[in-house]
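Remarks on the structure that follows.
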Amino acid sequence: MTFSPDDWAAIRLTLELAATTTAVLLLLGTPVAWWLARTPSRLKAVVGAVVSLPLVLPPTVLGFYLLVLLGPNGVGGQLTQALGLGLLPFSFPGLVVASVLYSTPFVVQPLQQAFEAIGTRPLEAAATLRASPRDTFFTVVLPLARPGFVTATILGFAHTVGEFGVVLMIGGNIPEKTRVVSVQIYDHVEALEYAQAHWLAGGMVVFSFLVLLALYASKARRSYVG
Amino acid sequence: MILPPDGGAIRARFDIAYPGFALEADLTLPGHGITALFGRSGSGKTTLLRAIAGLERHPGAYLAVNGEVWQDDDQFLPTHRRPLGYVFQEASLFPHLTVRRNLEFGQKRALAGVGAAERRADLEQSAELLGIAPLLDRLPDRLSGGERQRAAIARALLTRPRLLLMDEPLAALDFQRKAEILPYLERLHDELEIPVLYVSHSPDEVARLADHLVLLQDGKVAASGPLRDTLARLDLPTAFADDAGVVVEGTAAEFDAAYHLLRLDFPGGSVHVAHGEVPPGRRLRFQVRARDVSLSLSAERDSSILNRLLATVTAVADADTPAHVLVRLDAGGTPLLARITRRSRDQLGLAPGKPVWVQIKAVALLA
């Protein structure tokens, strides 16, 4: 006996959620990280702290506030309803919103560090070679920050796969819709289906190890920026 | 691209204040040739260069290059819109691009309207000029410091700039690498027709390369003028004092094969230097340090000193120690400096207008 159809559904959902979340985070996190790496503004400390909050908050706190905010009486909930999107809690889009918030530091921080490591000299050199700031960002900054993007992608993806509390609070436990692997394991354990739980839990251990192995191996190979 | 010689000038006025540092400069610089911005570290020379490049924005400044305003009260042209080339102190090649792609980076942006074939020919020519042709397919981390700096110079030149800014391009290199690059810079000096601003704290580089000298001290312009005249000024601050001397440009004349001496002629006389044969007519710079010059009232033909010129005292001033004075002389239009003791001055009765024999103990050829 290996994975049941329910297990497979949970695995597929988990990968979809992690991929979507990572894509959204790379898109939204890059400008935030760039701003944090370059700004002389005093708001930098505030924004940096807010971005890092999910590192220290229990997922239940984040989940609770999201539930209130996105629920029928919350500001976010009224907005999504007015836009014809319905309510986000207990839906896949709701899971994505929660995961994006919860994994933000795991994407923004490596990007910010990579941007900071580049320093100002390559940007100045590019400016003296007629490259506009936008041009410089795409032709100099992004390639030089590539190791940071690799780290951010891996950490963002892996951290989303490993979520439990925030997913349970905002997504509930709806098969094929919001029941991800970590919740499925919880269900198996509750039902005393230890063999099933072992397969999924063991799979998570192997997956996480391989991800981190890939990350550290790529760090050791890194050729530039340093 | 190339502007006619005397095609204009650089007007720069900056008034910059940081906590603990202020730079006040109001300069008119020649529109061609190499202008050295010389001074100790902290004198403001790099700050001035960065301000001219637009890398730092200082309100209230004025900057025009060959008639084109780059900054005044109403406008500030951002760096990437200024037709300049900039060579940083340490190599600033993009580490993720090969040397060739580095060279093309600025070229294809600055010369979008120029055909690919012409750009390619330009690139090959610059690579040849700076001796990096065999390195084009390497990544920068596979180059030596000197090679990287030469590639950075080629990269700046390939944008066909109208002003080249160099911020101590040799400072980060060891003696050997410097010696490796200087001949390339001298070649640029001969071939480039755009103005070059060259920041340096090395008197030797200044003497070899500069046509015009701006002396910066504590954020103020202590002197600005043609190299020859500026070096011979007596009122300069102590930056040059223990190293005072003049640079003279001469023409290679006769080569004495028996004694292995080369004669160089210049307005006001000629000197012999120990040097190999050089095609007659070639222009060569040599340096005469004030401490290597002695004065006498008669031609001492029984001395071992080879180089002797007749000159007139034009001024006498205090030197770096109370025991010495600096004497400025005019040898047929060429200014010279001598550093002698105060006692000798009184014994010889040196005063402006007095003719003297100038004995030069050492002549340093600069190329």
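For the structure tokens, the naming scheme is as follows: chains receive sequential letters (A, B, ...) according to their order of presentation, residues are indexed from 1 within each chain, and ligands are indexed from 1 in presentation order.
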
Contacts of Ala172 (chain B) at 12 Å or less, counting only C-alpha atoms, minus same-chain residues fewer than 5 places along, as a ChimeraX atom specification? /B:88-91,144-146,148-149,167,177-178,200

Taking 5 positions as the minimum chain separation for residues in the same chain, which residues sit within 7 Å of region 47-59 of chain A when counting only C-alpha atoms? Answer as a PDB file with N, CA and C atoms, in the first residue's frame.
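Result written to result.pdb:
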```
ATOM      1  N   TYR A 102       2.536  34.421   4.824  1.00  0.00           N
ATOM      2  CA  TYR A 102       3.287  33.626   5.778  1.00  0.00           C
ATOM      3  C   TYR A 102       4.713  33.359   5.301  1.00  0.00           C
ATOM      4  N   THR A 104       6.476  35.351   3.169  1.00  0.00           N
ATOM      5  CA  THR A 104       7.150  36.562   2.683  1.00  0.00           C
ATOM      6  C   THR A 104       8.616  36.677   3.117  1.00  0.00           C
ATOM      7  N   PRO A 105       8.931  36.539   4.399  1.00  0.00           N
ATOM      8  CA  PRO A 105      10.339  36.742   4.777  1.00  0.00           C
ATOM      9  C   PRO A 105      11.290  35.759   4.111  1.00  0.00           C
ATOM     10  N   GLY A 165      -0.467  25.403  10.334  1.00  0.00           N
ATOM     11  CA  GLY A 165      -1.435  26.158  11.133  1.00  0.00           C
ATOM     12  C   GLY A 165      -2.226  27.176  10.341  1.00  0.00           C
ATOM     13  N   VAL A 166      -1.521  27.982   9.577  1.00  0.00           N
ATOM     14  CA  VAL A 166      -2.204  29.051   8.864  1.00  0.00           C
ATOM     15  C   VAL A 166      -3.138  28.462   7.802  1.00  0.00           C
TER      16      VAL A 166
END
```

I need the alpha helix (DSSP H) residues of region 16-208 of chain A per DSSP on the backbone, written as a compact mmCIF listing (two decimals) with N, CA and C atoms, in the first residue's frame.
```
# COMPACT_ATOMS: atom_id res chain seq x y z
N GLU A 16 0.68 22.68 -6.12
CA GLU A 16 0.06 23.84 -6.80
C GLU A 16 0.12 25.08 -5.93
N LEU A 17 -0.20 24.87 -4.67
CA LEU A 17 -0.20 26.01 -3.74
C LEU A 17 1.21 26.59 -3.61
N ALA A 18 2.21 25.71 -3.45
CA ALA A 18 3.58 26.18 -3.26
C ALA A 18 4.07 26.90 -4.51
N ALA A 19 3.76 26.35 -5.70
CA ALA A 19 4.21 26.96 -6.94
C ALA A 19 3.56 28.34 -7.12
N THR A 20 2.25 28.40 -6.91
CA THR A 20 1.55 29.68 -7.07
C THR A 20 2.08 30.71 -6.08
N THR A 21 2.19 30.29 -4.82
CA THR A 21 2.67 31.20 -3.79
C THR A 21 4.06 31.73 -4.12
N THR A 22 4.95 30.83 -4.55
CA THR A 22 6.32 31.25 -4.86
C THR A 22 6.33 32.24 -6.02
N ALA A 23 5.54 31.97 -7.04
CA ALA A 23 5.49 32.87 -8.19
C ALA A 23 5.01 34.26 -7.77
N VAL A 24 3.92 34.27 -6.99
CA VAL A 24 3.39 35.56 -6.53
C VAL A 24 4.42 36.29 -5.67
N LEU A 25 5.09 35.54 -4.80
CA LEU A 25 6.06 36.17 -3.91
C LEU A 25 7.27 36.73 -4.66
N LEU A 26 7.74 36.01 -5.69
CA LEU A 26 8.87 36.52 -6.46
C LEU A 26 8.48 37.82 -7.16
N LEU A 27 7.25 37.84 -7.65
CA LEU A 27 6.77 39.03 -8.36
C LEU A 27 6.62 40.23 -7.43
N LEU A 28 5.99 39.99 -6.27
CA LEU A 28 5.74 41.09 -5.34
C LEU A 28 6.95 41.36 -4.44
N GLY A 29 7.70 40.30 -4.13
CA GLY A 29 8.81 40.45 -3.18
C GLY A 29 10.02 41.14 -3.77
N THR A 30 10.22 41.00 -5.09
CA THR A 30 11.40 41.60 -5.71
C THR A 30 11.44 43.12 -5.55
N PRO A 31 10.35 43.82 -5.90
CA PRO A 31 10.41 45.28 -5.68
C PRO A 31 10.56 45.66 -4.22
N VAL A 32 9.91 44.90 -3.34
CA VAL A 32 10.03 45.22 -1.91
C VAL A 32 11.48 45.03 -1.45
N ALA A 33 12.08 43.91 -1.86
CA ALA A 33 13.46 43.63 -1.46
C ALA A 33 14.41 44.67 -2.04
N TRP A 34 14.17 45.07 -3.27
CA TRP A 34 15.01 46.09 -3.91
C TRP A 34 14.92 47.41 -3.16
N TRP A 35 13.68 47.75 -2.81
CA TRP A 35 13.48 48.99 -2.06
C TRP A 35 14.21 48.91 -0.71
N LEU A 36 14.03 47.78 -0.03
CA LEU A 36 14.68 47.62 1.28
C LEU A 36 16.21 47.68 1.16
N ALA A 37 16.73 47.15 0.06
CA ALA A 37 18.19 47.10 -0.09
C ALA A 37 18.77 48.47 -0.42
N ARG A 38 17.98 49.35 -1.04
CA ARG A 38 18.53 50.60 -1.55
C ARG A 38 18.10 51.86 -0.80
N LEU A 43 11.66 54.62 6.91
CA LEU A 43 10.62 53.60 6.91
C LEU A 43 11.20 52.20 6.70
N LYS A 44 12.46 52.16 6.28
CA LYS A 44 13.09 50.88 5.99
C LYS A 44 12.99 49.93 7.18
N ALA A 45 13.27 50.45 8.37
CA ALA A 45 13.25 49.59 9.56
C ALA A 45 11.83 49.06 9.80
N VAL A 46 10.85 49.94 9.61
CA VAL A 46 9.46 49.55 9.85
C VAL A 46 9.04 48.46 8.86
N VAL A 47 9.31 48.72 7.58
CA VAL A 47 8.91 47.75 6.57
C VAL A 47 9.67 46.43 6.77
N GLY A 48 10.96 46.54 7.08
CA GLY A 48 11.75 45.34 7.32
C GLY A 48 11.17 44.51 8.46
N ALA A 49 10.73 45.18 9.51
CA ALA A 49 10.16 44.48 10.66
C ALA A 49 8.83 43.82 10.29
N VAL A 50 8.01 44.55 9.54
CA VAL A 50 6.70 43.98 9.15
C VAL A 50 6.91 42.74 8.28
N VAL A 51 7.86 42.84 7.33
CA VAL A 51 8.13 41.71 6.45
C VAL A 51 8.58 40.49 7.25
N SER A 52 9.30 40.73 8.35
CA SER A 52 9.84 39.62 9.14
C SER A 52 8.86 39.08 10.18
N LEU A 53 7.75 39.78 10.40
CA LEU A 53 6.80 39.34 11.43
C LEU A 53 6.41 37.86 11.36
N PRO A 54 6.11 37.33 10.17
CA PRO A 54 5.69 35.92 10.11
C PRO A 54 6.74 34.96 10.67
N LEU A 55 8.01 35.42 10.77
CA LEU A 55 9.03 34.54 11.32
C LEU A 55 8.77 34.25 12.79
N VAL A 56 8.20 35.22 13.50
CA VAL A 56 8.07 35.07 14.95
C VAL A 56 6.63 34.83 15.40
N PRO A 59 1.50 30.86 13.61
CA PRO A 59 0.66 30.89 12.40
C PRO A 59 -0.81 31.12 12.74
N THR A 60 -1.21 30.72 13.94
CA THR A 60 -2.61 30.91 14.32
C THR A 60 -2.98 32.38 14.41
N VAL A 61 -2.01 33.22 14.82
CA VAL A 61 -2.27 34.65 14.92
C VAL A 61 -2.54 35.22 13.54
N LEU A 62 -1.65 34.88 12.61
CA LEU A 62 -1.81 35.34 11.23
C LEU A 62 -3.13 34.82 10.66
N GLY A 63 -3.39 33.54 10.90
CA GLY A 63 -4.60 32.92 10.38
C GLY A 63 -5.85 33.57 10.95
N PHE A 64 -5.82 33.85 12.21
CA PHE A 64 -6.97 34.47 12.88
C PHE A 64 -7.29 35.83 12.27
N TYR A 65 -6.26 36.67 12.16
CA TYR A 65 -6.51 38.01 11.62
C TYR A 65 -6.96 37.95 10.17
N LEU A 66 -6.38 37.03 9.41
CA LEU A 66 -6.79 36.90 8.01
C LEU A 66 -8.26 36.48 7.91
N LEU A 67 -8.61 35.58 8.80
CA LEU A 67 -9.99 35.09 8.81
C LEU A 67 -10.96 36.24 9.09
N VAL A 68 -10.58 37.05 10.08
CA VAL A 68 -11.43 38.21 10.43
C VAL A 68 -11.47 39.20 9.27
N LEU A 69 -10.27 39.47 8.71
CA LEU A 69 -10.16 40.48 7.66
C LEU A 69 -10.88 40.06 6.38
N LEU A 70 -10.71 38.80 6.02
CA LEU A 70 -11.26 38.33 4.75
C LEU A 70 -12.67 37.75 4.88
N VAL A 75 -12.98 44.04 6.15
CA VAL A 75 -12.77 44.99 5.05
C VAL A 75 -12.42 44.22 3.77
N GLY A 76 -11.48 43.28 3.91
CA GLY A 76 -11.05 42.51 2.75
C GLY A 76 -12.18 41.68 2.19
N GLY A 77 -12.96 41.09 3.06
CA GLY A 77 -14.07 40.26 2.61
C GLY A 77 -15.09 41.08 1.84
N GLN A 78 -15.41 42.29 2.35
CA GLN A 78 -16.38 43.13 1.66
C GLN A 78 -15.85 43.56 0.29
N LEU A 79 -14.53 43.79 0.26
CA LEU A 79 -13.92 44.18 -1.01
C LEU A 79 -14.01 43.04 -2.03
N THR A 80 -13.63 41.82 -1.60
CA THR A 80 -13.66 40.70 -2.56
C THR A 80 -15.09 40.41 -3.00
N GLN A 81 -16.02 40.62 -2.10
CA GLN A 81 -17.42 40.39 -2.50
C GLN A 81 -17.89 41.45 -3.49
N ALA A 82 -17.48 42.72 -3.21
CA ALA A 82 -17.86 43.80 -4.12
C ALA A 82 -17.27 43.56 -5.50
N PHE A 92 -9.09 27.98 -2.43
CA PHE A 92 -7.68 27.93 -2.85
C PHE A 92 -7.06 29.34 -2.90
N PRO A 93 -7.75 30.34 -3.52
CA PRO A 93 -7.17 31.69 -3.52
C PRO A 93 -6.90 32.20 -2.11
N GLY A 94 -7.81 31.85 -1.17
CA GLY A 94 -7.58 32.25 0.22
C GLY A 94 -6.30 31.64 0.76
N LEU A 95 -6.06 30.37 0.42
CA LEU A 95 -4.83 29.70 0.84
C LEU A 95 -3.60 30.41 0.27
N VAL A 96 -3.71 30.83 -0.99
CA VAL A 96 -2.58 31.51 -1.63
C VAL A 96 -2.27 32.81 -0.89
N VAL A 97 -3.33 33.60 -0.60
CA VAL A 97 -3.12 34.86 0.11
C VAL A 97 -2.42 34.60 1.44
N ALA A 98 -2.92 33.62 2.19
CA ALA A 98 -2.34 33.33 3.50
C ALA A 98 -0.90 32.85 3.37
N SER A 99 -0.65 31.98 2.38
CA SER A 99 0.70 31.44 2.21
C SER A 99 1.68 32.53 1.79
N VAL A 100 1.20 33.44 0.93
CA VAL A 100 2.08 34.53 0.49
C VAL A 100 2.53 35.33 1.71
N LEU A 101 1.55 35.69 2.55
CA LEU A 101 1.92 36.48 3.73
C LEU A 101 2.86 35.71 4.64
N TYR A 102 2.54 34.42 4.82
CA TYR A 102 3.29 33.63 5.78
C TYR A 102 4.71 33.36 5.30
N SER A 103 4.94 33.26 3.99
CA SER A 103 6.28 32.93 3.47
C SER A 103 7.07 34.16 3.01
N THR A 104 6.48 35.35 3.17
CA THR A 104 7.15 36.56 2.68
C THR A 104 8.62 36.68 3.12
N PRO A 105 8.93 36.54 4.40
CA PRO A 105 10.34 36.74 4.78
C PRO A 105 11.29 35.76 4.11
N PHE A 106 10.79 34.57 3.79
CA PHE A 106 11.67 33.56 3.20
C PHE A 106 12.05 33.89 1.77
N VAL A 107 11.30 34.78 1.14
CA VAL A 107 11.63 35.21 -0.22
C VAL A 107 12.29 36.58 -0.19
N VAL A 108 11.73 37.50 0.60
CA VAL A 108 12.23 38.88 0.58
C VAL A 108 13.65 38.96 1.17
N GLN A 109 13.89 38.24 2.25
CA GLN A 109 15.19 38.38 2.89
C GLN A 109 16.37 37.90 2.03
N PRO A 110 16.30 36.73 1.40
CA PRO A 110 17.42 36.36 0.52
C PRO A 110 17.60 37.32 -0.66
N LEU A 111 16.48 37.82 -1.18
CA LEU A 111 16.60 38.77 -2.29
C LEU A 111 17.27 40.06 -1.81
N GLN A 112 16.82 40.54 -0.67
CA GLN A 112 17.40 41.77 -0.13
C GLN A 112 18.90 41.60 0.09
N GLN A 113 19.29 40.47 0.67
CA GLN A 113 20.72 40.23 0.91
C GLN A 113 21.49 40.18 -0.41
N ALA A 114 20.91 39.55 -1.41
CA ALA A 114 21.59 39.45 -2.71
C ALA A 114 21.75 40.85 -3.33
N PHE A 115 20.70 41.66 -3.23
CA PHE A 115 20.77 43.02 -3.79
C PHE A 115 21.82 43.84 -3.04
N GLU A 116 21.84 43.68 -1.72
CA GLU A 116 22.80 44.46 -0.93
C GLU A 116 24.24 44.04 -1.27
N ALA A 117 24.42 42.74 -1.53
CA ALA A 117 25.77 42.25 -1.81
C ALA A 117 26.32 42.81 -3.12
N ILE A 118 25.44 43.21 -4.02
CA ILE A 118 25.90 43.74 -5.30
C ILE A 118 26.61 45.08 -5.10
N ARG A 121 28.64 49.94 -6.88
CA ARG A 121 29.59 50.13 -7.97
C ARG A 121 29.07 49.63 -9.33
N PRO A 122 28.52 48.39 -9.42
CA PRO A 122 28.02 47.96 -10.73
C PRO A 122 26.90 48.87 -11.26
N LEU A 123 26.09 49.43 -10.34
CA LEU A 123 25.02 50.32 -10.78
C LEU A 123 25.60 51.61 -11.34
N GLU A 124 26.62 52.13 -10.65
CA GLU A 124 27.25 53.35 -11.14
C GLU A 124 27.96 53.10 -12.46
N ALA A 125 28.65 51.97 -12.55
CA ALA A 125 29.33 51.65 -13.81
C ALA A 125 28.32 51.58 -14.95
N ALA A 126 27.18 50.95 -14.70
CA ALA A 126 26.16 50.84 -15.74
C ALA A 126 25.64 52.21 -16.15
N ALA A 127 25.47 53.10 -15.16
CA ALA A 127 24.98 54.45 -15.48
C ALA A 127 25.98 55.19 -16.36
N THR A 128 27.28 55.02 -16.09
CA THR A 128 28.27 55.70 -16.92
C THR A 128 28.36 55.05 -18.30
N PRO A 133 18.25 53.39 -15.08
CA PRO A 133 18.08 52.56 -13.88
C PRO A 133 17.28 51.29 -14.16
N ARG A 134 16.26 51.37 -14.98
CA ARG A 134 15.43 50.22 -15.32
C ARG A 134 16.22 49.17 -16.09
N ASP A 135 16.93 49.67 -17.11
CA ASP A 135 17.81 48.83 -17.92
C ASP A 135 18.82 48.13 -17.01
N THR A 136 19.43 48.90 -16.11
CA THR A 136 20.44 48.35 -15.19
C THR A 136 19.85 47.25 -14.33
N LEU A 142 19.57 41.84 -11.88
CA LEU A 142 18.97 40.50 -11.87
C LEU A 142 19.99 39.39 -12.11
N PRO A 143 20.84 39.51 -13.13
CA PRO A 143 21.82 38.42 -13.30
C PRO A 143 22.76 38.28 -12.10
N LEU A 144 23.17 39.42 -11.53
CA LEU A 144 24.11 39.32 -10.40
C LEU A 144 23.43 38.78 -9.16
N ARG A 146 21.23 36.43 -9.14
CA ARG A 146 20.66 35.12 -9.44
C ARG A 146 20.76 34.13 -8.27
N PRO A 147 21.90 34.05 -7.59
CA PRO A 147 21.95 33.12 -6.45
C PRO A 147 20.88 33.43 -5.41
N GLY A 148 20.61 34.72 -5.21
CA GLY A 148 19.57 35.12 -4.26
C GLY A 148 18.21 34.66 -4.72
N PHE A 149 17.96 34.71 -6.03
CA PHE A 149 16.67 34.25 -6.55
C PHE A 149 16.52 32.74 -6.39
N VAL A 150 17.62 32.03 -6.59
CA VAL A 150 17.57 30.57 -6.40
C VAL A 150 17.21 30.25 -4.94
N THR A 151 17.90 30.90 -4.03
CA THR A 151 17.63 30.68 -2.60
C THR A 151 16.20 31.05 -2.26
N ALA A 152 15.75 32.21 -2.74
CA ALA A 152 14.41 32.69 -2.42
C ALA A 152 13.35 31.73 -2.95
N THR A 153 13.56 31.23 -4.17
CA THR A 153 12.58 30.31 -4.76
C THR A 153 12.50 29.03 -3.95
N ILE A 154 13.65 28.47 -3.62
CA ILE A 154 13.67 27.21 -2.89
C ILE A 154 13.06 27.36 -1.51
N LEU A 155 13.47 28.43 -0.82
CA LEU A 155 12.96 28.60 0.54
C LEU A 155 11.47 28.92 0.55
N GLY A 156 11.04 29.77 -0.40
CA GLY A 156 9.62 30.13 -0.47
C GLY A 156 8.76 28.90 -0.75
N PHE A 157 9.21 28.09 -1.70
CA PHE A 157 8.47 26.89 -2.07
C PHE A 157 8.44 25.90 -0.90
N ALA A 158 9.61 25.65 -0.34
CA ALA A 158 9.69 24.64 0.72
C ALA A 158 8.92 25.07 1.95
N HIS A 159 8.99 26.34 2.28
CA HIS A 159 8.30 26.80 3.47
C HIS A 159 6.79 26.70 3.30
N THR A 160 6.31 26.97 2.08
CA THR A 160 4.87 26.86 1.83
C THR A 160 4.42 25.40 1.92
N VAL A 161 5.25 24.50 1.41
CA VAL A 161 4.92 23.07 1.51
C VAL A 161 4.81 22.67 2.98
N GLY A 165 -0.47 25.40 10.33
CA GLY A 165 -1.43 26.16 11.13
C GLY A 165 -2.23 27.18 10.34
N VAL A 166 -1.52 27.98 9.58
CA VAL A 166 -2.20 29.05 8.86
C VAL A 166 -3.14 28.46 7.80
N VAL A 167 -2.72 27.35 7.23
CA VAL A 167 -3.53 26.68 6.21
C VAL A 167 -4.81 26.13 6.84
N LEU A 168 -4.64 25.53 7.99
CA LEU A 168 -5.79 24.94 8.65
C LEU A 168 -6.79 26.02 9.04
N MET A 169 -6.29 27.17 9.50
CA MET A 169 -7.19 28.22 9.96
C MET A 169 -7.92 28.89 8.82
N ILE A 170 -7.20 29.15 7.72
CA ILE A 170 -7.83 29.93 6.65
C ILE A 170 -8.46 29.01 5.60
N GLY A 171 -7.95 27.77 5.51
CA GLY A 171 -8.43 26.89 4.45
C GLY A 171 -9.36 25.81 4.94
N VAL A 181 -0.94 18.46 2.19
CA VAL A 181 -0.29 17.28 2.75
C VAL A 181 -0.21 17.33 4.27
N SER A 182 0.20 18.50 4.80
CA SER A 182 0.38 18.56 6.25
C SER A 182 -0.94 18.31 6.97
N VAL A 183 -2.04 18.80 6.40
CA VAL A 183 -3.36 18.58 7.01
C VAL A 183 -3.79 17.12 6.87
N GLN A 184 -3.47 16.56 5.71
CA GLN A 184 -3.80 15.16 5.44
C GLN A 184 -3.09 14.24 6.45
N ILE A 185 -1.81 14.58 6.74
CA ILE A 185 -1.08 13.78 7.74
C ILE A 185 -1.80 13.87 9.08
N TYR A 186 -2.19 15.07 9.42
CA TYR A 186 -2.91 15.30 10.69
C TYR A 186 -4.17 14.44 10.74
N ASP A 187 -4.91 14.42 9.63
CA ASP A 187 -6.13 13.59 9.55
C ASP A 187 -5.82 12.11 9.76
N HIS A 188 -4.77 11.64 9.07
CA HIS A 188 -4.39 10.24 9.20
C HIS A 188 -4.07 9.90 10.65
N VAL A 189 -3.32 10.78 11.30
CA VAL A 189 -2.93 10.51 12.69
C VAL A 189 -4.17 10.50 13.60
N GLU A 190 -5.06 11.47 13.37
CA GLU A 190 -6.31 11.53 14.14
C GLU A 190 -7.10 10.23 14.02
N TYR A 194 -1.70 5.06 10.99
CA TYR A 194 -0.28 5.38 11.10
C TYR A 194 0.51 5.02 9.85
N ALA A 195 0.13 3.95 9.18
CA ALA A 195 0.87 3.54 7.98
C ALA A 195 0.76 4.63 6.91
N GLN A 196 -0.45 5.10 6.72
CA GLN A 196 -0.67 6.19 5.74
C GLN A 196 0.12 7.43 6.14
N ALA A 197 0.04 7.73 7.43
CA ALA A 197 0.76 8.91 7.92
C ALA A 197 2.25 8.78 7.67
N HIS A 198 2.78 7.57 7.86
CA HIS A 198 4.20 7.34 7.64
C HIS A 198 4.62 7.65 6.22
N TRP A 199 3.83 7.17 5.26
CA TRP A 199 4.18 7.41 3.86
C TRP A 199 4.29 8.91 3.58
N LEU A 200 3.28 9.66 3.99
CA LEU A 200 3.29 11.11 3.71
C LEU A 200 4.38 11.82 4.51
N ALA A 201 4.46 11.47 5.80
CA ALA A 201 5.43 12.15 6.66
C ALA A 201 6.86 11.86 6.19
N GLY A 202 7.10 10.57 5.88
CA GLY A 202 8.43 10.20 5.38
C GLY A 202 8.72 10.92 4.07
N GLY A 203 7.70 11.02 3.20
CA GLY A 203 7.88 11.74 1.94
C GLY A 203 8.28 13.19 2.19
N MET A 204 7.65 13.82 3.17
CA MET A 204 7.98 15.21 3.50
C MET A 204 9.42 15.34 3.97
N VAL A 205 9.87 14.39 4.78
CA VAL A 205 11.24 14.44 5.28
C VAL A 205 12.22 14.36 4.11
N VAL A 206 11.97 13.39 3.22
CA VAL A 206 12.86 13.22 2.07
C VAL A 206 12.84 14.47 1.20
N PHE A 207 11.64 14.97 0.92
CA PHE A 207 11.51 16.16 0.08
C PHE A 207 12.28 17.34 0.68
N SER A 208 12.04 17.58 1.96
CA SER A 208 12.67 18.74 2.60
C SER A 208 14.19 18.60 2.59
```

Using only C-alpha atoms and a distance of at most 9 Å, pull out the residues of chain B that contact chain A, as a PyMOL selection string. chain B and resi 53+55+78-88+92-96+105-107+109-110+141+155-156+159

If we count only C-alpha atoms and set the cut-off at 7 Å, which residues sit around region 9-23 of chain B, ignoring sequence neighbours fewer than 4 positions away in its own chain? Please answer as a PyMOL selection string. chain B and resi 27-31+44+58+61-66+219-220

Could you pull out all residues of region 6-79 of chain B with a DSSP call of strand (DSSP E) and give them as a PyMOL selection string? chain B and resi 9-18+21-30+34-38+62-65+68-71

Point-to-point distance from CA of Thr334 (chain B) to CA of Pro267 (chain B), Å rounded to tenths: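 Computed distance, CA of Thr334 (chain B) to CA of Pro267 (chain B), equals 6.2 Å.
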
Quick one: pull the distance between CA of Ala232 (chain B) and CA of Leu192 (chain B), Å, one decimal.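 It comes out at 26.7 Å.
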
Shell of 8 Å around region 204-207 of chain B, only C-alpha atoms, local chain residues under 4 positions omitted, as a PyMOL selection string: chain B and resi 36+38+200+213+227+247+287+366

For the residues selected in the previous step, produce a file with C-alpha atoms as an mmCIF file, in the first residue's frame.
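again_14.cif written:
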```cif
data_model
loop_
_atom_site.group_PDB
_atom_site.id
_atom_site.type_symbol
_atom_site.label_atom_id
_atom_site.label_comp_id
_atom_site.auth_asym_id
_atom_site.auth_seq_id
_atom_site.Cartn_x
_atom_site.Cartn_y
_atom_site.Cartn_z
ATOM 1 C CA ALA B 36 45.101 66.139 -13.671
ATOM 2 C CA PHE B 38 45.888 66.341 -8.008
ATOM 3 C CA SER B 200 45.674 61.216 -9.062
ATOM 4 C CA LEU B 213 47.068 70.663 -13.515
ATOM 5 C CA LEU B 227 51.274 71.833 -16.113
ATOM 6 C CA VAL B 247 58.336 69.035 -16.240
ATOM 7 C CA GLN B 287 61.446 66.102 -15.051
ATOM 8 C CA LEU B 366 59.334 60.451 -18.151
#
```
